[in-house]
>>> print(open('target-v5.txt').read())   # compact mmCIF, C-alpha atoms and all ligand atoms
# COMPACT_ATOMS: atom_id res chain seq x y z
CA MET V 241 56.49 186.66 258.24
CA THR V 242 54.23 187.98 260.97
CA SER V 243 53.06 185.37 263.39
CA TYR V 244 49.42 184.67 262.79
CA ARG V 245 47.36 183.58 265.76
CA PRO V 246 43.87 182.41 265.02
CA PHE V 247 40.97 183.96 266.77
CA SER V 248 41.24 183.04 270.39
CA LEU V 249 38.95 180.59 272.05
CA ASP V 250 39.88 179.41 275.49
CA SER V 251 41.06 175.85 275.74
CA LEU V 252 37.69 174.63 276.98
CA ASN V 253 36.17 175.60 273.67
CA ASN V 254 39.06 174.48 271.54
CA PRO V 255 38.24 170.97 270.36
CA TYR V 256 41.64 170.60 268.69
CA GLN V 257 43.12 170.22 272.15
CA GLN V 258 41.28 166.91 272.40
CA MET V 259 41.79 165.89 268.78
CA GLU V 260 43.38 162.56 267.93
CA PRO V 261 45.22 161.56 264.74
CA VAL V 262 42.25 159.68 263.25
CA ILE V 263 38.67 160.88 262.72
CA ALA V 264 36.17 158.31 261.49
CA HIS V 265 34.88 159.80 258.25
CA ARG V 266 31.07 159.52 258.10
CA GLY V 267 31.58 156.88 260.80
CA ALA V 268 33.45 153.72 259.82
CA SER V 269 32.06 154.30 256.33
CA GLY V 270 34.32 151.81 254.53
CA GLU V 271 32.69 148.97 256.44
CA ALA V 272 29.15 150.17 257.18
CA PRO V 273 26.73 152.56 255.46
CA GLU V 274 28.03 156.11 255.83
CA ASN V 275 26.47 158.54 258.30
CA THR V 276 24.25 155.86 259.89
CA ALA V 277 24.09 154.70 263.50
CA ALA V 278 25.71 151.42 262.39
CA ALA V 279 28.76 153.22 260.98
CA ILE V 280 29.05 155.38 264.08
CA ARG V 281 28.76 152.44 266.50
CA LEU V 282 31.34 150.52 264.48
CA ALA V 283 33.77 153.45 264.60
CA ALA V 284 33.40 153.59 268.39
CA GLU V 285 33.93 149.81 268.65
CA GLN V 286 37.07 150.18 266.56
CA GLY V 287 38.55 152.66 269.01
CA ALA V 288 37.75 155.96 267.32
CA HIS V 289 37.09 158.85 269.70
CA TRP V 290 36.25 161.32 266.95
CA ILE V 291 33.73 161.06 264.14
CA GLU V 292 32.85 163.35 261.28
CA VAL V 293 29.33 163.40 259.84
CA ASP V 294 27.52 165.62 257.34
CA THR V 295 24.36 167.50 258.18
CA THR V 296 21.66 169.09 256.08
CA ILE V 297 17.92 169.76 256.53
CA SER V 298 14.56 168.22 255.75
CA ALA V 299 11.74 170.10 254.02
CA GLU V 300 10.38 171.38 257.33
CA GLY V 301 13.84 172.43 258.51
CA ILE V 302 14.96 169.61 260.81
CA ALA V 303 18.69 168.83 260.84
CA VAL V 304 19.43 165.35 259.49
CA ILE V 305 22.63 163.42 258.85
CA PHE V 306 23.27 162.84 255.14
CA HIS V 307 26.11 163.64 252.77
CA ASP V 308 24.54 164.18 249.35
CA SER V 309 21.83 166.66 248.49
CA GLU V 310 20.14 163.80 246.58
CA LEU V 311 18.88 160.59 248.13
CA LYS V 312 19.66 158.03 245.44
CA ARG V 313 23.27 157.04 246.26
CA CYS V 314 22.77 156.25 249.95
CA SER V 315 19.11 155.25 250.27
CA ASN V 316 16.26 153.57 248.44
CA GLY V 317 14.67 156.98 247.91
CA ALA V 318 14.81 159.51 245.09
CA GLY V 319 14.85 163.27 244.83
CA HIS V 320 16.35 165.81 247.19
CA VAL V 321 16.73 165.38 250.94
CA ALA V 322 15.62 168.96 251.52
CA GLN V 323 12.36 168.43 249.62
CA LEU V 324 11.12 165.58 251.82
CA ARG V 325 9.60 165.89 255.26
CA LEU V 326 11.23 164.04 258.13
CA SER V 327 8.46 161.41 258.20
CA GLU V 328 9.16 160.65 254.51
CA LEU V 329 12.94 160.55 255.07
CA LYS V 330 12.52 158.25 258.07
CA ALA V 331 10.62 155.75 255.91
CA LEU V 332 13.68 155.24 253.67
CA ASP V 333 16.19 152.42 253.98
CA CYS V 334 19.68 153.90 254.22
CA GLY V 335 21.51 150.61 254.73
CA SER V 336 20.66 148.14 251.94
CA TRP V 337 22.52 150.11 249.26
CA PHE V 338 25.69 149.22 251.17
CA SER V 339 24.87 145.62 252.14
CA PRO V 340 21.71 143.60 252.90
CA GLN V 341 22.99 143.15 256.45
CA TYR V 342 22.32 146.83 257.08
CA ARG V 343 18.73 146.85 255.82
CA GLY V 344 16.61 149.08 258.03
CA GLU V 345 19.24 151.66 258.95
CA ASN V 346 17.38 154.91 258.76
CA ILE V 347 18.36 158.51 258.41
CA LEU V 348 19.40 160.04 261.74
CA THR V 349 18.22 163.40 262.91
CA LEU V 350 21.00 165.52 264.35
CA ALA V 351 19.32 165.25 267.77
CA GLU V 352 19.50 161.43 267.51
CA LEU V 353 23.13 161.64 266.41
CA LEU V 354 24.01 163.88 269.38
CA THR V 355 22.32 161.42 271.75
CA LEU V 356 24.25 158.52 270.21
CA CYS V 357 27.58 160.36 270.49
CA ASN V 358 26.80 161.23 274.11
CA GLN V 359 26.08 157.54 274.81
CA LEU V 360 29.25 156.39 273.07
CA GLY V 361 31.48 159.19 274.40
CA LEU V 362 32.37 160.35 270.89
CA ASN V 363 33.69 163.77 269.96
CA LEU V 364 32.10 165.24 266.88
CA ASN V 365 33.08 167.18 263.79
CA LEU V 366 29.79 168.24 262.28
CA GLU V 367 30.21 169.24 258.66
CA VAL V 368 27.49 171.62 257.53
CA LYS V 369 26.25 170.72 254.03
CA PRO V 370 23.54 173.32 253.67
CA ASN V 371 20.83 173.20 251.13
CA ILE V 372 21.83 176.08 248.85
CA GLY V 373 19.78 179.14 249.72
CA ARG V 374 18.83 177.68 253.11
CA GLU V 375 22.22 178.03 254.80
CA THR V 376 21.01 180.10 257.75
CA GLU V 377 18.03 177.81 258.23
CA THR V 378 20.41 174.84 258.28
CA VAL V 379 22.45 176.47 261.06
CA TRP V 380 19.28 177.33 263.00
CA ALA V 381 18.29 173.67 262.73
CA ILE V 382 21.66 172.69 264.19
CA ARG V 383 21.17 175.15 267.02
CA THR V 384 17.70 173.74 267.74
CA ALA V 385 19.11 170.18 267.91
CA LEU V 386 21.86 171.33 270.29
CA GLN V 387 19.23 172.97 272.49
CA GLN V 388 17.24 169.72 272.54
CA VAL V 389 20.28 167.55 273.24
CA PRO V 390 23.13 169.34 274.99
CA PHE V 391 26.36 167.82 273.77
CA ASP V 392 28.70 166.34 276.36
CA ASN V 393 31.90 166.00 274.30
CA SER V 394 34.10 168.12 272.05
CA LEU V 395 32.30 169.67 269.11
CA LEU V 396 33.70 171.25 265.98
CA LEU V 397 31.67 172.72 263.11
CA SER V 398 33.09 172.86 259.61
CA SER V 399 31.95 173.72 256.12
CA PHE V 400 33.08 174.48 252.59
CA ASN V 401 30.18 176.89 252.34
CA HIS V 402 30.75 180.61 252.94
CA HIS V 403 27.19 181.39 254.03
CA ALA V 404 27.05 178.41 256.37
CA LEU V 405 30.27 179.43 258.10
CA LYS V 406 29.05 183.00 258.44
CA ALA V 407 25.76 181.75 259.90
CA CYS V 408 27.68 179.52 262.35
CA GLN V 409 29.73 182.52 263.41
CA GLN V 410 26.58 184.54 264.00
CA HIS V 411 24.22 181.97 265.49
CA LEU V 412 26.57 179.48 267.19
CA PRO V 413 29.44 181.79 268.13
CA ASP V 414 30.71 179.65 271.01
CA ILE V 415 31.31 176.55 268.92
CA ALA V 416 34.67 176.32 267.19
CA ARG V 417 34.72 176.39 263.42
CA ALA V 418 36.98 174.98 260.74
CA LEU V 419 37.19 175.99 257.11
CA ASN V 420 36.97 173.09 254.65
CA VAL V 421 38.81 173.54 251.36
CA ASP V 422 40.09 171.30 248.59
CA ALA V 423 43.55 172.89 248.42
CA ILE V 424 45.06 175.12 251.11
CA PRO V 425 44.67 178.64 249.69
CA TYR V 426 47.68 180.93 249.58
CA ASN V 427 45.62 183.55 251.42
CA TRP V 428 44.80 181.08 254.20
CA GLN V 429 45.28 183.69 256.95
CA GLU V 430 42.67 185.96 255.39
CA ARG V 431 40.27 183.06 254.86
CA LEU V 432 40.58 181.85 258.46
CA GLU V 433 40.17 185.38 259.78
CA GLU V 434 37.10 185.87 257.62
CA TYR V 435 35.28 183.14 259.56
CA GLN V 436 37.31 183.34 262.75
CA ALA V 437 38.00 179.69 262.07
CA LEU V 438 40.38 177.82 264.33
CA GLY V 439 41.40 175.11 261.91
CA LEU V 440 41.72 174.21 258.26
CA HIS V 441 40.58 170.92 256.72
CA PHE V 442 41.85 170.13 253.23
CA SER V 443 41.92 167.32 250.68
CA ALA V 444 44.83 164.88 250.60
CA ASP V 445 44.69 165.14 246.79
CA PHE V 446 46.11 168.66 247.12
CA PHE V 447 48.68 168.03 249.84
CA ASP V 448 51.43 170.64 249.65
CA ALA V 449 54.20 169.97 252.18
CA LYS V 450 55.49 173.56 252.12
CA LEU V 451 52.11 175.09 252.87
CA VAL V 452 51.42 172.52 255.57
CA GLN V 453 54.75 173.39 257.17
CA GLN V 454 53.89 177.08 257.01
CA LEU V 455 50.53 176.61 258.72
CA SER V 456 52.10 174.26 261.23
CA GLU V 457 54.68 176.88 262.15
CA HIS V 458 51.81 179.27 262.82
CA GLY V 459 50.08 176.75 265.05
CA ILE V 460 47.08 176.24 262.78
CA PRO V 461 45.44 172.87 263.40
CA MET V 462 44.96 170.94 260.16
CA ALA V 463 42.98 167.84 259.31
CA CYS V 464 43.07 166.08 255.96
CA PHE V 465 40.43 164.09 254.05
CA THR V 466 40.00 161.33 252.99
CA VAL V 467 42.94 159.16 253.96
CA ASN V 468 42.70 155.38 253.89
CA SER V 469 46.34 154.54 253.18
CA PRO V 470 48.64 154.07 256.19
CA GLU V 471 51.61 155.39 254.19
CA LEU V 472 49.81 158.57 253.24
CA ALA V 473 48.60 159.06 256.82
CA GLN V 474 52.15 158.82 258.11
CA THR V 475 53.39 161.32 255.54
CA LEU V 476 50.68 163.76 256.56
CA TRP V 477 51.20 163.37 260.31
CA GLN V 478 54.93 163.83 259.89
CA ALA V 479 54.37 166.94 257.79
CA GLY V 480 52.36 168.53 260.62
CA VAL V 481 48.77 167.52 259.91
CA LEU V 482 47.05 166.91 263.22
CA SER V 483 44.45 164.41 262.09
CA VAL V 484 43.19 162.46 259.10
CA PHE V 485 39.58 161.65 258.21
CA SER V 486 39.39 157.98 257.32
CA ASP V 487 36.72 155.58 256.10
CA TYR V 488 38.74 152.81 257.79
CA PRO V 489 39.46 154.19 261.24
CA TYR V 490 40.53 150.80 262.66
CA ARG V 491 43.30 150.47 260.07
CA LEU V 492 44.67 153.96 260.66
CA ILE V 493 44.37 153.81 264.44
CA GLN V 494 46.63 150.73 264.30
CA THR V 495 49.03 152.69 262.06
CA ALA V 496 49.02 155.64 264.45
CA ARG V 497 49.68 153.38 267.42
CA LYS V 498 52.57 151.64 265.66
CA ALA V 499 54.01 154.96 264.51
CA ASN V 500 53.69 156.30 268.04
CA GLN V 501 51.42 159.06 266.79
CA TRP V 502 48.46 158.19 268.99
CA HIS V 503 49.61 160.14 272.03
CA ASN V 504 52.05 162.48 270.34
CA HIS V 505 49.53 165.18 269.59
O1 LIG A 1 34.78 167.16 256.53
C1 LIG A 1 35.76 166.50 255.80
C2 LIG A 1 35.22 165.81 254.58
O2 LIG A 1 34.12 165.03 254.95
C3 LIG A 1 34.82 166.78 253.50
O3 LIG A 1 34.38 166.19 252.32
O4 LIG A 1 32.68 165.35 250.73
O5 LIG A 1 33.63 163.82 252.42
O6 LIG A 1 32.06 165.61 253.09
P1 LIG A 1 33.13 165.20 252.14
MG MG A 2 32.02 165.43 255.24
>>> encode(input="target-v5.txt", output="structure tokens")
Amino acid sequence: MTSYRPFSLDSLNNPYQQMEPVIAHRGASGEAPENTAAAIRLAAEQGAHWIEVDTTISAEGIAVIFHDSELKRCSNGAGHVAQLRLSELKALDCGSWFSPQYRGENILTLAELLTLCNQLGLNLNLEVKPNIGRETETVWAIRTALQQVPFDNSLLLSSFNHHALKACQQHLPDIARALNVDAIPYNWQERLEEYQALGLHFSADFFDAKLVQQLSEHGIPMACFTVNSPELAQTLWQAGVLSVFSDYPYRLIQTARKANQWHNH
């Protein structure tokens, strides 16, 4: 097998060099409303140094932090995120659906999220969830937010979406990219080369120890979502997965510390 080396970024631009075994998935989203300031602050309090959040755009093209294309699951609103203007999105309550104690949490703009991460010293995996057909506009909105709020810490972009990754490559070429997939594809080299992606993020539901070993032997950084079980996390770390996305970062940070994984990466 020929040795595959991913597209080269120098170490300063390679966020995987700073990556730790646990990434707080949408913040500490098992214990606070996902993708809100409350979930991000809680993750930081719990010792996480990395968070993952999802970003999409408002009607007028401002990058905001939200997972679903529709508002109903995680807010008191209805309809599509991308059809509302920022002022309308900001009026929504994004906390009460989770618990009354979080009433008043509002949708974050990406600029606000970057400011919060800078304040808390958090590294960031920004997952691009573009509105379909507005992928390039979504990436432009990310670029605008990064121009407004220069980011102090490690930053990694990722997406499942072909057009979004291509737009990241074109419009944010200096920021490292990862390819998100459900299962690791057999043509993973080709797929990574296609986007000049440094890393591969895949679903724990499709964990394949042989493929993970193969990528590991080629030095491809891998992260796996969504892992809330300490046993599963240990299996993945031992197989060669660098990091796991967890809704319960506190739990898995304790596991990593006990398993001596915290500083082994
Ligand atoms: O970025 C990793 C993970 O968040 C991908 O899936 O649906 O939780 O955004 P999802
Ligand atoms: Mg995500």
>>> residues_near_ligand(input="target-v5.txt", ligand="ligand MG 2 (chain A)", cutoff="6 Å", atoms="all atoms listed in the file", output="list in words")
Val293, Asp294 and Glu367 of chain V
>>> residues_near_ligand(input="target-v5.txt", ligand="ligand LIG 1 (chain A)", cutoff="9 Å", atoms="only C-alpha atoms and all ligand atoms", output="list in words")
His265, Arg266, Glu292, Val293, Asp294, His307, Asp308, Asn365, Leu366, Glu367, Val368, Lys369, Ser398, Ser399, Phe400, Asn420, Val421, Asp422, His441, Phe442, Ser443, Ala463, Cys464, Phe465, Thr466 and Phe485 of chain V
>>> residues_near_point(input="target-v5.txt", point="(52.9, 169.0, 259.4)", cutoff="12 Å", atoms="all atoms listed in the file", output="VMD selection string")
chain V and resid 261 447 to 464 473 to 484 505
>>> closest_atom_pairs(input="target-v5.txt", of="region 317-357 of chain V", to="region 383-388 of chain V", cutoff="9 Å", atoms="all atoms listed in the file", output="CSV")
residue,atom,partner,partner_atom,distance
V:Thr349,CA,V:Ala385,CA,8.5
V:Leu350,CA,V:Ala385,CA,6.2
V:Ala351,CA,V:Ala385,CA,4.9
V:Glu352,CA,V:Ala385,CA,8.8
V:Leu354,CA,V:Leu386,CA,7.8
>>> residues_around(input="target-v5.txt", residues="Glu328 (chain V)", least_positions_apart="5", cutoff="12 Å", atoms="all atoms listed in the file", output="number ranges by chain")
V: 298-300, 311, 316-323, 333, 346-347
>>> residues_around(input="target-v5.txt", residues="Thr495 (chain V)", least_positions_apart="4", cutoff="12 Å", atoms="all atoms listed in the file", output="list in words")
Pro261, Val262, Asn468, Ser469, Pro470, Glu471, Leu472, Ala473, Gln474, Thr475, Trp477, Val484, Ser486, Tyr488, Pro489, Tyr490, Arg491, Ala499, Asn500, Gln501 and Trp502 of chain V
>>> residues_near_point(input="target-v5.txt", point="(15.6, 172.1, 261.8)", cutoff="7 Å", atoms="all atoms listed in the file", output="ChimeraX atom specification")
/V:297,300-303,378,380-382,384
